[in-house]
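Peer 1: Starting off with a structure, shown below.
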Amino acid sequence: LPLVAWMGVITALIGGAAALVERDVKRTLAYSTISQIGLMFVGLGSGSLLAGIFLLIAQALYKATLFLAAGAIDHAVEGTAFERMGGLARHMPLTAIAFALGAAALAGLPVTLALPPKDPVLAAAWQANGLLFVAAFVASILTALYSARAFGLVFLGVPSEPAQKAREANKGLLIPLLVMAGLIPLGLLA
């Protein structure tokens with residue numbers, strides 16, 4: 001099990017570092033998934049099956065929200081490169097809110113479902129090995145950084161030419177996106 005935990009934390013750190021420098025929103029989310037799977041294995045390898053599985057379930061909710069938002073963005077700017085984006089919060093405010101909720105959950109902010117699953121993973125790592133805990137904590141910090149970076153590059157700043165023409169997705173995509181985003185904060189009530 002210690003080998004599983006260490007492989008998990010190495011995966012979390014590499015995935016987080018790759019997400020932090022990626023130039024494409026969908027690839028950023030893909031690398032973040034790799035990083036989060038690494039954290040799940042930290043929980044499992046540290047002896048807490050519940051921590052790993054709880055993070056997996058929470059991850060499914062907020063990552064589905066982020067990928068739906070990324071699809072809406074892709075459709076609006078006809079691409080997934082960050083250079084095609086910027087300032088989309090003005091043109092796609094509902095998508096921006098949904099993405100912000102998903103990014104906040106991914107970062108582990110306490111107003112979302114994300115904090116409870118990450119706490120047991122970090123607690124299990126602490127119980128298993130102090131150095132493992134520090135590495136898992138650094139991976140969690142990377143999560144917050146690449147989540148904020150992705151939101152900033154997509155929704156803030158000066159809009160690119162494609163972003164200036166962007167509009168919200170049609171109802172067939174927007175409604176499921178908003179429903180998924182709305183479930184994130186409600187997860188704390190469950």
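Residue numbers start at 1 in each chain; chains themselves are named A, B, ... in the order of the structure tokens; ligands are numbered from 1 in the order shown.
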Compile the contact shell of His91 (chain A) as a ChimeraX atom specification: residues with an atom at most 9 Å away, counting only C-alpha atoms, same-chain residues fewer than 6 positions apart removed.

Peer 2: /A:163-168

Peer 1: Go ahead and dump the residues you just picked, N, CA, C and O atoms, as a short mmCIF file (atom, residue, chain, number, x, y, z; two decimals), in the first residue's frame.

Peer 2:
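The result, stored in selection_14.cif:
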```
data_model
loop_
_atom_site.label_atom_id
_atom_site.label_comp_id
_atom_site.auth_asym_id
_atom_site.auth_seq_id
_atom_site.Cartn_x
_atom_site.Cartn_y
_atom_site.Cartn_z
N ALA A 163 -13.66 35.09 -29.21
CA ALA A 163 -14.42 35.27 -27.97
C ALA A 163 -15.38 36.45 -28.05
O ALA A 163 -16.42 36.44 -27.40
N GLN A 164 -15.06 37.44 -28.86
CA GLN A 164 -15.94 38.60 -29.01
C GLN A 164 -17.26 38.22 -29.67
O GLN A 164 -18.27 38.89 -29.47
N LYS A 165 -17.26 37.14 -30.43
CA LYS A 165 -18.47 36.70 -31.13
C LYS A 165 -19.21 35.58 -30.38
O LYS A 165 -20.23 35.10 -30.84
N ALA A 166 -18.68 35.17 -29.25
CA ALA A 166 -19.22 34.02 -28.52
C ALA A 166 -20.59 34.33 -27.93
O ALA A 166 -20.88 35.46 -27.55
N ARG A 167 -21.40 33.30 -27.84
CA ARG A 167 -22.72 33.36 -27.21
C ARG A 167 -22.91 32.11 -26.38
O ARG A 167 -22.27 31.10 -26.60
N GLU A 168 -23.87 32.18 -25.44
CA GLU A 168 -24.20 30.99 -24.64
C GLU A 168 -24.60 29.84 -25.55
O GLU A 168 -25.12 30.05 -26.65
#
```

Peer 1: Identify, on the basis of only C-alpha atoms, every residue whose closest approach to Gly43 (chain A) does not exceed 6 Å; exclude the query and any residue fewer than 4 positions from it along the same chain; express the result as a PDB file with N, CA and C atoms, in the first residue's frame.

Peer 2:
```pdb
ATOM      1  N   SER A  48      -7.147   4.280   3.371  1.00  0.00           N
ATOM      2  CA  SER A  48      -8.522   4.758   3.483  1.00  0.00           C
ATOM      3  C   SER A  48      -9.271   4.541   2.170  1.00  0.00           C
ATOM      4  N   ALA A  51     -11.892   7.279   1.616  1.00  0.00           N
ATOM      5  CA  ALA A  51     -11.388   8.565   1.133  1.00  0.00           C
ATOM      6  C   ALA A  51     -11.218   8.553  -0.377  1.00  0.00           C
ATOM      7  N   GLY A  52     -10.622   7.492  -0.899  1.00  0.00           N
ATOM      8  CA  GLY A  52     -10.413   7.391  -2.343  1.00  0.00           C
ATOM      9  C   GLY A  52     -11.710   7.316  -3.115  1.00  0.00           C
ATOM     10  N   VAL A 121      -8.468  12.257   2.335  1.00  0.00           N
ATOM     11  CA  VAL A 121      -7.262  11.837   1.605  1.00  0.00           C
ATOM     12  C   VAL A 121      -6.029  12.427   2.288  1.00  0.00           C
TER      13      VAL A 121
END
```

Peer 1: Would you mind telling me which residue in A:Leu49, A:Ile57, A:Val9, A:Leu66 lies nearest to Ala104 (chain A) when using only C-alpha atoms?

Peer 2: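 Nearest candidate to Ala104 (chain A) out of A:Leu49, A:Ile57, A:Val9, A:Leu66: A:Leu66.
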
Peer 1: Write out as a tab-separated table the residues of region 70-140 of chain A that have any atom within 10 Å of an atom of region 38-42 of chain A, one row each with the nearest atom pair and its distance in Å to one decimal, counting only C-alpha atoms, sorted by chain and then rising number.

Peer 2:
```
residue	atom	partner	partner_atom	distance
A:Pro117	CA	A:Met40	CA	9.3
A:Lys118	CA	A:Leu39	CA	8.2
A:Val121	CA	A:Val42	CA	6.7
A:Leu122	CA	A:Val42	CA	8.3
A:Ala124	CA	A:Val42	CA	8.0
A:Ala125	CA	A:Val42	CA	6.7
A:Ala128	CA	A:Val42	CA	9.7
A:Leu132	CA	A:Val42	CA	8.3
A:Phe133	CA	A:Val42	CA	9.1
A:Ala136	CA	A:Leu39	CA	7.0
A:Phe137	CA	A:Leu39	CA	9.7
A:Ala139	CA	A:Leu39	CA	8.0
A:Ser140	CA	A:Leu39	CA	8.4
```

Peer 1: What lies within 12 Å of Ala107 (chain A) using only C-alpha atoms, ignoring chain neighbours under 4 positions off, as a count of residues only?

Peer 2: 34

Peer 1: Using DSSP on the backbone coordinates, identify the residues of chain A assigned to helix (DSSP H, G or I); present them as a ChimeraX atom specification.

Peer 2: /A:2-21,25-45,49-77,82-84,88-91,93-107,115-128,130-155,161-164,171-189

Peer 1: Restrict the selected residues to C-alpha atoms and save them as a compact mmCIF listing (two decimals), in the first residue's frame.

Peer 2:
```txt
# COMPACT_ATOMS: atom_id res chain seq x y z
CA PRO A 2 2.77 2.55 0.62
CA LEU A 3 3.96 2.01 -2.96
CA VAL A 4 0.40 2.68 -4.21
CA ALA A 5 0.26 5.91 -2.18
CA TRP A 6 3.65 7.10 -3.46
CA MET A 7 2.78 6.28 -7.07
CA GLY A 8 -0.47 8.18 -6.54
CA VAL A 9 1.25 11.29 -5.19
CA ILE A 10 3.81 11.26 -8.00
CA THR A 11 0.96 10.98 -10.51
CA ALA A 12 -0.90 13.82 -8.77
CA LEU A 13 2.16 16.08 -8.89
CA ILE A 14 3.00 15.35 -12.53
CA GLY A 15 -0.62 15.74 -13.64
CA GLY A 16 -0.94 18.98 -11.67
CA ALA A 17 2.26 20.41 -13.10
CA ALA A 18 1.17 19.52 -16.64
CA ALA A 19 -2.26 21.11 -16.09
CA LEU A 20 -0.60 24.27 -14.82
CA VAL A 21 1.26 24.88 -18.11
CA VAL A 25 -8.85 24.03 -21.76
CA LYS A 26 -9.81 20.39 -22.41
CA ARG A 27 -6.23 19.20 -22.01
CA THR A 28 -5.98 21.15 -18.77
CA LEU A 29 -9.06 19.32 -17.52
CA ALA A 30 -7.65 15.99 -18.71
CA TYR A 31 -4.37 16.53 -16.85
CA SER A 32 -6.32 17.62 -13.82
CA THR A 33 -8.19 14.31 -13.97
CA ILE A 34 -4.86 12.49 -13.94
CA SER A 35 -3.83 14.53 -10.92
CA GLN A 36 -7.08 13.82 -9.07
CA ILE A 37 -6.83 10.09 -9.80
CA GLY A 38 -3.37 10.26 -8.25
CA LEU A 39 -4.89 11.79 -5.11
CA MET A 40 -7.50 9.02 -5.04
CA PHE A 41 -4.66 6.51 -4.98
CA VAL A 42 -2.98 8.43 -2.18
CA GLY A 43 -6.14 7.87 -0.15
CA LEU A 44 -6.34 4.21 -1.09
CA GLY A 45 -2.63 3.57 -0.55
CA LEU A 49 -10.69 3.09 0.88
CA LEU A 50 -13.53 5.46 1.78
CA ALA A 51 -11.39 8.57 1.13
CA GLY A 52 -10.41 7.39 -2.34
CA ILE A 53 -13.93 6.37 -3.33
CA PHE A 54 -15.53 9.53 -1.92
CA LEU A 55 -13.11 11.67 -3.94
CA LEU A 56 -13.94 9.60 -7.04
CA ILE A 57 -17.68 10.24 -6.66
CA ALA A 58 -17.22 13.96 -5.99
CA GLN A 59 -14.78 14.20 -8.90
CA ALA A 60 -17.40 12.74 -11.24
CA LEU A 61 -19.83 15.54 -10.40
CA TYR A 62 -17.59 18.53 -10.71
CA LYS A 63 -15.49 17.24 -13.59
CA ALA A 64 -18.67 16.51 -15.59
CA THR A 65 -19.65 20.13 -15.02
CA LEU A 66 -16.26 21.38 -16.19
CA PHE A 67 -16.22 19.22 -19.32
CA LEU A 68 -19.77 20.29 -20.24
CA ALA A 69 -18.68 23.91 -19.83
CA ALA A 70 -15.59 23.22 -21.94
CA GLY A 71 -17.85 21.80 -24.66
CA ALA A 72 -19.98 24.95 -24.60
CA ILE A 73 -16.84 27.08 -24.80
CA ASP A 74 -15.46 24.97 -27.65
CA HIS A 75 -18.70 25.45 -29.58
CA ALA A 76 -18.74 29.20 -28.90
CA VAL A 77 -15.16 29.99 -29.94
CA PHE A 82 -6.75 29.38 -24.48
CA GLU A 83 -5.62 31.86 -27.14
CA ARG A 84 -9.14 31.73 -28.65
CA LEU A 88 -15.99 35.11 -22.03
CA ALA A 89 -17.71 35.97 -18.74
CA ARG A 90 -19.34 38.92 -20.52
CA HIS A 91 -20.61 36.83 -23.43
CA PRO A 93 -22.24 34.52 -17.99
CA LEU A 94 -24.16 31.33 -17.18
CA THR A 95 -21.34 29.16 -18.47
CA ALA A 96 -18.90 31.27 -16.46
CA ILE A 97 -20.90 30.66 -13.27
CA ALA A 98 -21.08 26.92 -13.92
CA PHE A 99 -17.35 26.75 -14.70
CA ALA A 100 -16.57 28.80 -11.58
CA LEU A 101 -18.53 26.37 -9.39
CA GLY A 102 -16.76 23.40 -10.98
CA ALA A 103 -13.34 25.05 -10.65
CA ALA A 104 -14.04 25.98 -7.03
CA ALA A 105 -15.03 22.38 -6.32
CA LEU A 106 -11.91 21.09 -8.04
CA ALA A 107 -9.77 23.49 -6.01
CA LEU A 115 -13.51 19.77 0.55
CA PRO A 116 -14.93 16.77 2.40
CA PRO A 117 -13.42 14.21 -0.02
CA LYS A 118 -9.99 15.86 -0.07
CA ASP A 119 -9.81 16.14 3.71
CA PRO A 120 -9.91 12.37 4.30
CA VAL A 121 -7.26 11.84 1.60
CA LEU A 122 -4.95 14.36 3.24
CA ALA A 123 -5.74 12.98 6.71
CA ALA A 124 -4.95 9.44 5.55
CA ALA A 125 -1.68 10.65 4.02
CA TRP A 126 -0.82 12.42 7.29
CA GLN A 127 -1.42 9.21 9.23
CA ALA A 128 0.65 7.16 6.77
CA GLY A 130 4.52 13.05 6.90
CA LEU A 131 6.41 13.43 3.63
CA LEU A 132 3.55 11.81 1.72
CA PHE A 133 1.20 14.34 3.32
CA VAL A 134 3.39 17.27 2.26
CA ALA A 135 3.55 16.00 -1.32
CA ALA A 136 -0.23 15.43 -1.41
CA PHE A 137 -0.77 18.92 0.02
CA VAL A 138 1.44 20.41 -2.70
CA ALA A 139 -0.59 18.50 -5.31
CA SER A 140 -3.75 20.01 -3.79
CA ILE A 141 -2.23 23.50 -4.03
CA LEU A 142 -1.42 22.84 -7.70
CA THR A 143 -5.09 21.96 -8.16
CA ALA A 144 -6.15 25.36 -6.87
CA LEU A 145 -3.58 27.09 -9.08
CA TYR A 146 -4.50 25.42 -12.35
CA SER A 147 -8.23 25.79 -11.61
CA ALA A 148 -7.83 29.54 -11.09
CA ARG A 149 -5.56 29.82 -14.13
CA ALA A 150 -8.06 28.04 -16.38
CA PHE A 151 -10.93 30.23 -15.18
CA GLY A 152 -8.87 33.39 -15.65
CA LEU A 153 -7.66 32.51 -19.15
CA VAL A 154 -11.14 31.55 -20.35
CA PHE A 155 -13.45 34.05 -18.69
CA GLU A 161 -11.50 37.81 -31.76
CA PRO A 162 -13.42 34.51 -31.58
CA ALA A 163 -14.42 35.27 -27.97
CA GLN A 164 -15.94 38.60 -29.01
CA LYS A 171 -30.61 25.05 -24.23
CA GLY A 172 -29.79 21.42 -24.98
CA LEU A 173 -26.30 21.93 -23.58
CA LEU A 174 -26.86 24.87 -21.24
CA ILE A 175 -29.62 23.28 -19.13
CA PRO A 176 -27.66 20.09 -18.27
CA LEU A 177 -24.61 22.24 -17.55
CA LEU A 178 -26.55 24.41 -15.12
CA VAL A 179 -28.20 21.41 -13.46
CA MET A 180 -24.81 19.76 -12.90
CA ALA A 181 -23.35 23.01 -11.57
CA GLY A 182 -26.34 23.45 -9.26
CA LEU A 183 -25.73 20.03 -7.73
CA ILE A 184 -22.20 20.91 -6.63
CA PRO A 185 -23.07 23.12 -3.64
CA LEU A 186 -26.07 20.93 -2.81
CA GLY A 187 -23.67 18.04 -2.29
CA LEU A 188 -22.87 19.44 1.17
CA LEU A 189 -26.48 18.88 2.22
```

Peer 1: Rounded to one decimal in Å, what is the spacing between CA of Gly157 (chain A) and CA of Ala169 (chain A)?

Peer 2: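 Computed distance, CA of Gly157 (chain A) to CA of Ala169 (chain A), equals 20.7 Å.
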
Peer 1: Please indicate the distance in Å from CA of Glu22 (chain A) to CA of Asn170 (chain A), rounded to one decimal place.

Peer 2: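 Result for CA of Glu22 (chain A) versus CA of Asn170 (chain A): 27.9 Å, one decimal.
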
Peer 1: Please report the interatomic distance between CA of Leu109 (chain A) and CA of Leu156 (chain A) in Å with one decimal.

Peer 2: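 CA of Leu109 (chain A) sits 19.9 Å away from CA of Leu156 (chain A).
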